[in-house]
Every structure is written in C-alpha cells, then in structure tokens.
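S.K.: Can you read through this structure? Questions will come right after.
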Amino acid sequence: MPATVRGVVAAAKGAPVEVVPVVVPDPGPGEVVVEVRACGVCHTDLHYREGAISDDFPFLLGHEAAGFVTEVGDGVGHVAPGDYVVVAWRAPCGTCRSCRRGRPWYCFDSQNARQPMTLEDGTPLSAALGIGAFCERTLVAAGQAVPVDRTARPEAAGLIGCGVMAGFGAAVNTGGVSRGDTVAVIGCGGVGDAAIAGAVIAGARMVIAVDVDDRKLAWARDFGATHTVNSSSSDAVEAIRALTTGNGADVVIEAVGRPQTYEQAFLARDLAGVLVQVGVPSPTMRIDLPMIELFGRGGALKSSWYGDCLPSRDFPMLIDLYLRGLLELDRFVSETIPLDGVEDAFARMEHGEVLRSVVVF
Ligand SMILES: [Zn+2]
Ligand SMILES: [Zn+2]
C-alpha cells in the first residue's frame, strides 16, 4: 500500500518551504523504502528552494539521511527490511562508460528510484539529489541505501551522505592527502571542516584553515586545523606561504566555489601541488589566470564530485572512524530540529550560526 507521510516541499521559487502530505509508492523493482530517522539541512536544499539548481518544482527536499529500510522491491539483494542505512546520492550503475573503465566513483548514470513520490493530488515531486529525505519515508534506488553499523546515531551518520563525504573525500580521495603533507582548506563550513578532518586522519602534518569568520575558524580548530587565517584581515596567499616556509601548501582545497577563493587556492599551492575544488560555483562565474602560471606551477587542478566517493566502500569506513572516535561527526550537529523547523534552519545556516541543523523524526 502506498503510504501517505509528512514531507518538506518547496512549491515555488523562493517561497518558504512547507510540511505537506507526501505519497510514497510501494517499491518497484530495484527500489527500497527507507524510514528516515534523521536528515541534515544542507546549502543544496536551499539552492533547490531558490530555483538555483533547476526549475522542476515542486521539490521534496532533504538528502543527508540515515534510517531503516522498511520495504524492498523485486530483485533487491544487498539490503533487507530492518537494515540501518545511510542514503547516498550516487549509486553506480555498473554499466556506463566510467563504471566499465573501473571508475564507479565517477558513474555518469547514477541510479535513482524510477517512480516519483507525489503530492496527494498526484503531482510528481522532484526529490532533491534523487533522495527527498525531509520526509518520514522516502523511496530510493536500492544502491542508494548503504548499510552501516547500526550503533552510529542517525543524527551523525546521515551527514556522511553529503557534506561530510564531499569534504573528507576532497582531501583523501581527490587530493590524495598523505602522511607529511601540508594542506590548506579555504572555506570552513561543513564541507571544509570535513576536509580538515580528512586531512588530519590521512596524516597531514599541517592543516591551515582559511575563512572570513572567526567563529568558523574556531570550529576548524576543533576539527584539527593546526593554523587559522582570517582572510578578511590578512592576505590568505601570503599567510599560507608564510606558514609553509614561503612555498605554499602541497594540497589546497577550495570549499567556497568563488573565483576569488579559487585564485587564492591556485596561488597558495606549492610547485607541483594539488588544487581541489569542492565548492560549487554559480553558472555565471568566470576565472582569469595567467597561462604561464598554469604551466609553470605544474601539479594538478582537480574538481571533486561528491568527494569522488564510492558510497558502498566509503560510508562504512567513515562510520567506523566515527565509532572509533577518530572522525568527530557529532561536532557537525549544531542542533536537532523538528520537520517543520527547516525554513528557520535555512536562515541560521545563511547567517553562519550553525554547521548543521539536523531534522530528527
Ligand atoms: Zn555508471
Ligand atoms: Zn548536501
């Protein structure tokens, strides 16, 4: 029987989100229903509400979720009702040209549920990042439901489904941070702080946090940054060079998504260093760099999609690191809120007051 549950829907561009009845169909072949226990509020949800991602309103928001599988459709083998899962927005197809080349973390045809969830009048909902988890239940492709250790509390576990994985993976997977590296992270929100935590776990000997907000720099220290630079009062590039004996950092992670911070990251890199862009720019942004510097500095300029993660490999690993006390996921949880608190949480997020508000059910 299709279930009617409560979910947070963005009905029109810029309009406040509302909690409305959502109809969740029975799972079809290759689909599963997840009873959501917690879901973090991410900037991407706000971008959907603002129409900055697409015009496919109405959207069912929420995509950083943990919960329990309640039903599975035909042909689903790797999860069963009762399994505790974190929901991923990448579920490699196994057959696209990237998967065939042995690079499933780039999968170009990631799987989502085929059936839409709907409003009560049958209007199909566009699920944010193919998830839609500000909702008591959500329908996803089976591959999106990644089993993890059930002793990890859902408020913390759900966060690895997006921002934490993106940041951690930017440092560890894309940037290849390894023992002894010097690392700089520009932008210390949830993604940047996860990059800092990842760099620390990977063995970086110096992790420099850069932001314009002293509150965020204090959070960055909590996640293991060894040095902080407030780039509103000092030159970020000069400061990073000064801390790295004049050379620049081995790996610089740009977690803002703006031309100015990209240029800072480019210039704050040591020769043959790696720049990782994980901040998401807007479509109109441009960068202008001297080509001789692109060539002369060598190294690599990389973009990190979702931390270049393979959820089935990386989610259980992050949860294990959390349960060992090495990855402090609880620090990302600034507050827990009810389902009808998402609109207010957007405002606190925009003002930089919280790292993550997490809806609990
Ligand atoms: Zn694929
Ligand atoms: Zn997100």
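Within each chain, counting starts at residue 1; across the structure tokens, chains are named A, B, ... in the order shown, with ligands numbered 1 upward in that order.
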Write out as an MDAnalysis selection string all residues of segment 155-339 of chain A that DSSP puts in helix (DSSP H, G or I) for this structure's backbone.
M.R.: chainID A and resid 155:161 163:174 190:202 214:222 236:243 259:267 291:297 306:308 311:323 329:332 339
S.K.: Residues within 8 Å of ligand 2 should be enumerated using only C-alpha atoms and all ligand atoms and returned as number ranges by chain.
M.R.: A: 41-45, 63-64, 161-163
S.K.: Could you list, with a cut-off of 8 Å and counting only C-alpha atoms and all ligand atoms, the residues of chain A near ligand 1, each shown with its nearest atom pair and the distance in Å rounded to one decimal, rows sorted by chain and ascending number, as JSON lines?
M.R.:
```
{"residue": "A:Pro92", "atom": "CA", "partner": "ligand 1", "partner_atom_place_in_ligand_line": "1 (Zn)", "distance": 4.7}
{"residue": "A:Cys93", "atom": "CA", "partner": "ligand 1", "partner_atom_place_in_ligand_line": "1 (Zn)", "distance": 3.9}
{"residue": "A:Gly94", "atom": "CA", "partner": "ligand 1", "partner_atom_place_in_ligand_line": "1 (Zn)", "distance": 4.7}
{"residue": "A:Thr95", "atom": "CA", "partner": "ligand 1", "partner_atom_place_in_ligand_line": "1 (Zn)", "distance": 5.2}
{"residue": "A:Cys96", "atom": "CA", "partner": "ligand 1", "partner_atom_place_in_ligand_line": "1 (Zn)", "distance": 4.0}
{"residue": "A:Arg97", "atom": "CA", "partner": "ligand 1", "partner_atom_place_in_ligand_line": "1 (Zn)", "distance": 6.7}
{"residue": "A:Ser98", "atom": "CA", "partner": "ligand 1", "partner_atom_place_in_ligand_line": "1 (Zn)", "distance": 5.7}
{"residue": "A:Cys99", "atom": "CA", "partner": "ligand 1", "partner_atom_place_in_ligand_line": "1 (Zn)", "distance": 4.3}
{"residue": "A:Arg100", "atom": "CA", "partner": "ligand 1", "partner_atom_place_in_ligand_line": "1 (Zn)", "distance": 7.3}
{"residue": "A:Pro104", "atom": "CA", "partner": "ligand 1", "partner_atom_place_in_ligand_line": "1 (Zn)", "distance": 5.8}
{"residue": "A:Tyr106", "atom": "CA", "partner": "ligand 1", "partner_atom_place_in_ligand_line": "1 (Zn)", "distance": 7.3}
{"residue": "A:Cys107", "atom": "CA", "partner": "ligand 1", "partner_atom_place_in_ligand_line": "1 (Zn)", "distance": 3.7}
{"residue": "A:Phe108", "atom": "CA", "partner": "ligand 1", "partner_atom_place_in_ligand_line": "1 (Zn)", "distance": 5.1}
{"residue": "A:Asp109", "atom": "CA", "partner": "ligand 1", "partner_atom_place_in_ligand_line": "1 (Zn)", "distance": 4.9}
{"residue": "A:Ser110", "atom": "CA", "partner": "ligand 1", "partner_atom_place_in_ligand_line": "1 (Zn)", "distance": 5.9}
```
S.K.: Between A:Arg356, A:Arg6, A:Arg179, A:Lys13, which has the minimum distance to Ser54 of chain A (counting only C-alpha atoms)?
M.R.: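 Comparing A:Arg356, A:Arg6, A:Arg179, A:Lys13 against Ser54 of chain A, the winner is A:Lys13.
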S.K.: Nearest residue to Arg150 of chain A out of A:Ile196, A:Ile337, A:Val85, A:Ala3, using only C-alpha atoms?
M.R.: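 Answer, going by the shortest atom-to-atom distance: A:Val85.
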S.K.: One decimal, in Å: what's the spacing between atom CA of Val276 of chain A and atom CA of Phe346 of chain A?
M.R.: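 Those two atoms sit 26.9 Å apart.
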S.K.: Of the candidates A:Val86, A:Ile208, A:Leu271, A:Cys39, which shows the shortest atom-to-atom distance to Ala142 of chain A, using only C-alpha atoms?
M.R.: A:Val86
S.K.: With only C-alpha atoms counted and 12 Å as the cut-off, give the residues of segment 163-191 of chain A in contact with segment 237-246 of chain A, each with its shortest interatomic distance in Å and the pair that gives it, as JSON lines.
M.R.:
```
{"residue": "A:Asp181", "atom": "CA", "partner": "A:Thr244", "partner_atom": "CA", "distance": 10.6}
{"residue": "A:Thr182", "atom": "CA", "partner": "A:Thr244", "partner_atom": "CA", "distance": 7.6}
{"residue": "A:Val183", "atom": "CA", "partner": "A:Ile240", "partner_atom": "CA", "distance": 9.4}
{"residue": "A:Ala184", "atom": "CA", "partner": "A:Ile240", "partner_atom": "CA", "distance": 7.4}
{"residue": "A:Val185", "atom": "CA", "partner": "A:Ile240", "partner_atom": "CA", "distance": 10.1}
{"residue": "A:Ile186", "atom": "CA", "partner": "A:Val237", "partner_atom": "CA", "distance": 10.4}
```
S.K.: Keeping only N, CA and C atoms, take the residues you just selected and write them out as a PDB file, in the first residue's frame.
M.R.:
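Okay, this is what ended up in again_1.pdb:
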```
ATOM      1  N   ASP A 181      51.993  15.700   4.458  1.00  0.00           N
ATOM      2  CA  ASP A 181      51.592  16.803   3.572  1.00  0.00           C
ATOM      3  C   ASP A 181      51.248  18.060   4.361  1.00  0.00           C
ATOM      4  N   THR A 182      51.450  19.195   3.708  1.00  0.00           N
ATOM      5  CA  THR A 182      50.874  20.440   4.206  1.00  0.00           C
ATOM      6  C   THR A 182      49.608  20.701   3.393  1.00  0.00           C
ATOM      7  N   VAL A 183      48.553  21.087   4.097  1.00  0.00           N
ATOM      8  CA  VAL A 183      47.238  21.230   3.471  1.00  0.00           C
ATOM      9  C   VAL A 183      46.641  22.564   3.887  1.00  0.00           C
ATOM     10  N   ALA A 184      46.002  23.240   2.956  1.00  0.00           N
ATOM     11  CA  ALA A 184      45.212  24.423   3.300  1.00  0.00           C
ATOM     12  C   ALA A 184      43.792  24.203   2.833  1.00  0.00           C
ATOM     13  N   VAL A 185      42.837  24.633   3.648  1.00  0.00           N
ATOM     14  CA  VAL A 185      41.423  24.495   3.306  1.00  0.00           C
ATOM     15  C   VAL A 185      40.804  25.885   3.360  1.00  0.00           C
ATOM     16  N   ILE A 186      40.273  26.326   2.224  1.00  0.00           N
ATOM     17  CA  ILE A 186      39.666  27.656   2.142  1.00  0.00           C
ATOM     18  C   ILE A 186      38.151  27.510   2.200  1.00  0.00           C
TER      19      ILE A 186
END
```
S.K.: Please provide the set of residues having any atom within 6 Å of segment 225-230 of chain A, restricted to only C-alpha atoms, with same-chain residues fewer than 6 positions apart removed, written as a PyMOL selection string.
M.R.: chain A and resi 206-212
S.K.: Limited to C-alpha atoms, could you put the picked residues into a file as a PDB file, in the first residue's frame?
M.R.:
```pdb
ATOM      1  CA  MET A 206      49.972  20.952   8.886  1.00  0.00           C
ATOM      2  CA  VAL A 207      46.373  21.895   8.160  1.00  0.00           C
ATOM      3  CA  ILE A 208      45.740  25.592   7.589  1.00  0.00           C
ATOM      4  CA  ALA A 209      42.112  26.738   7.810  1.00  0.00           C
ATOM      5  CA  VAL A 210      41.102  29.909   5.956  1.00  0.00           C
ATOM      6  CA  ASP A 211      37.808  31.742   6.380  1.00  0.00           C
ATOM      7  CA  VAL A 212      36.443  35.253   6.860  1.00  0.00           C
TER       8      VAL A 212
END
```
S.K.: Pick the closest to Pro311 of chain A from A:Ala145, A:Met117, A:Arg101, A:Gly189: which is it, counting only C-alpha atoms?
M.R.: A:Ala145
S.K.: Skipping near chain neighbours, those fewer than 3 positions away, what residues fall within 7 Å of Gly132 of chain A using only C-alpha atoms, listed as a PyMOL selection string?
M.R.: chain A and resi 60-63+127-128+135+138
S.K.: Could you tell me, as a ChimeraX atom specification, which residues of segment 87-213 of chain A DSSP assigns to strand (DSSP E or B) when given the backbone?
M.R.: /A:87,118-119,124,126-127,135,137-141,145-147,182-186,206-211
S.K.: Extract, using only C-alpha atoms, all DNA, RNA and protein residues at most 9 Å from segment 261-264 of chain A, discarding same-chain residues fewer than 3 positions from it, and format them as a list in words.
M.R.: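 Selected residues are Ile186, Gly187, Ala236, Val237, Ile253, Glu254, Ala255, Val256, Gly257, Arg258, Leu267, Ala268, Arg269, Leu275, Gln277, Ile287, Asp288 and Leu289 of chain A.
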S.K.: Can you work out the spacing between atom CA of Val360 of chain A and atom CA of Gly73 of chain A in Å, to one decimal?
M.R.: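 Atom-to-atom, atom CA of Val360 of chain A to atom CA of Gly73 of chain A, that is 26.1 Å.
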S.K.: Could you pull the residues within 9 Å of Glu35 of chain A, counting only C-alpha atoms, minus those fewer than 4 positions along the same chain, as a ChimeraX atom specification?
M.R.: /A:66-70,135-138
S.K.: Would you export the selected residues with N, CA and C atoms as a short mmCIF file (atom, residue, chain, number, x, y, z; two decimals), in the first residue's frame, please?
M.R.:
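Saved file selection.cif follows:
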```cif
data_model
loop_
_atom_site.label_atom_id
_atom_site.label_comp_id
_atom_site.auth_asym_id
_atom_site.auth_seq_id
_atom_site.Cartn_x
_atom_site.Cartn_y
_atom_site.Cartn_z
N ALA A 66 19.87 9.23 7.41
CA ALA A 66 20.05 7.85 7.86
C ALA A 66 18.70 7.33 8.33
N GLY A 67 18.49 6.03 8.19
CA GLY A 67 17.23 5.45 8.63
C GLY A 67 17.23 3.94 8.42
N PHE A 68 16.04 3.39 8.47
CA PHE A 68 15.89 1.93 8.37
C PHE A 68 15.11 1.56 7.12
N VAL A 69 15.58 0.55 6.42
CA VAL A 69 14.84 0.01 5.29
C VAL A 69 13.57 -0.65 5.81
N THR A 70 12.43 -0.28 5.21
CA THR A 70 11.17 -0.90 5.63
C THR A 70 10.61 -1.85 4.58
N CYS A 135 11.36 13.81 5.06
CA CYS A 135 10.12 13.10 4.82
C CYS A 135 10.19 11.85 5.70
N GLU A 136 9.05 11.48 6.27
CA GLU A 136 9.09 10.35 7.20
C GLU A 136 9.53 9.06 6.52
N ARG A 137 9.21 8.95 5.24
CA ARG A 137 9.71 7.83 4.45
C ARG A 137 10.15 8.35 3.10
N THR A 138 11.10 7.67 2.49
CA THR A 138 11.50 8.07 1.14
C THR A 138 11.78 6.84 0.30
#
```
S.K.: Pick out the residues sitting within 12 Å of Ile201 of chain A, and hand them over as a PyMOL selection string; count only C-alpha atoms, and ignore anything fewer than 2 positions along from it in its own chain.
M.R.: chain A and resi 168-169+171-172+176-181+194-199+203-207+223-225+318+321-322+325-328
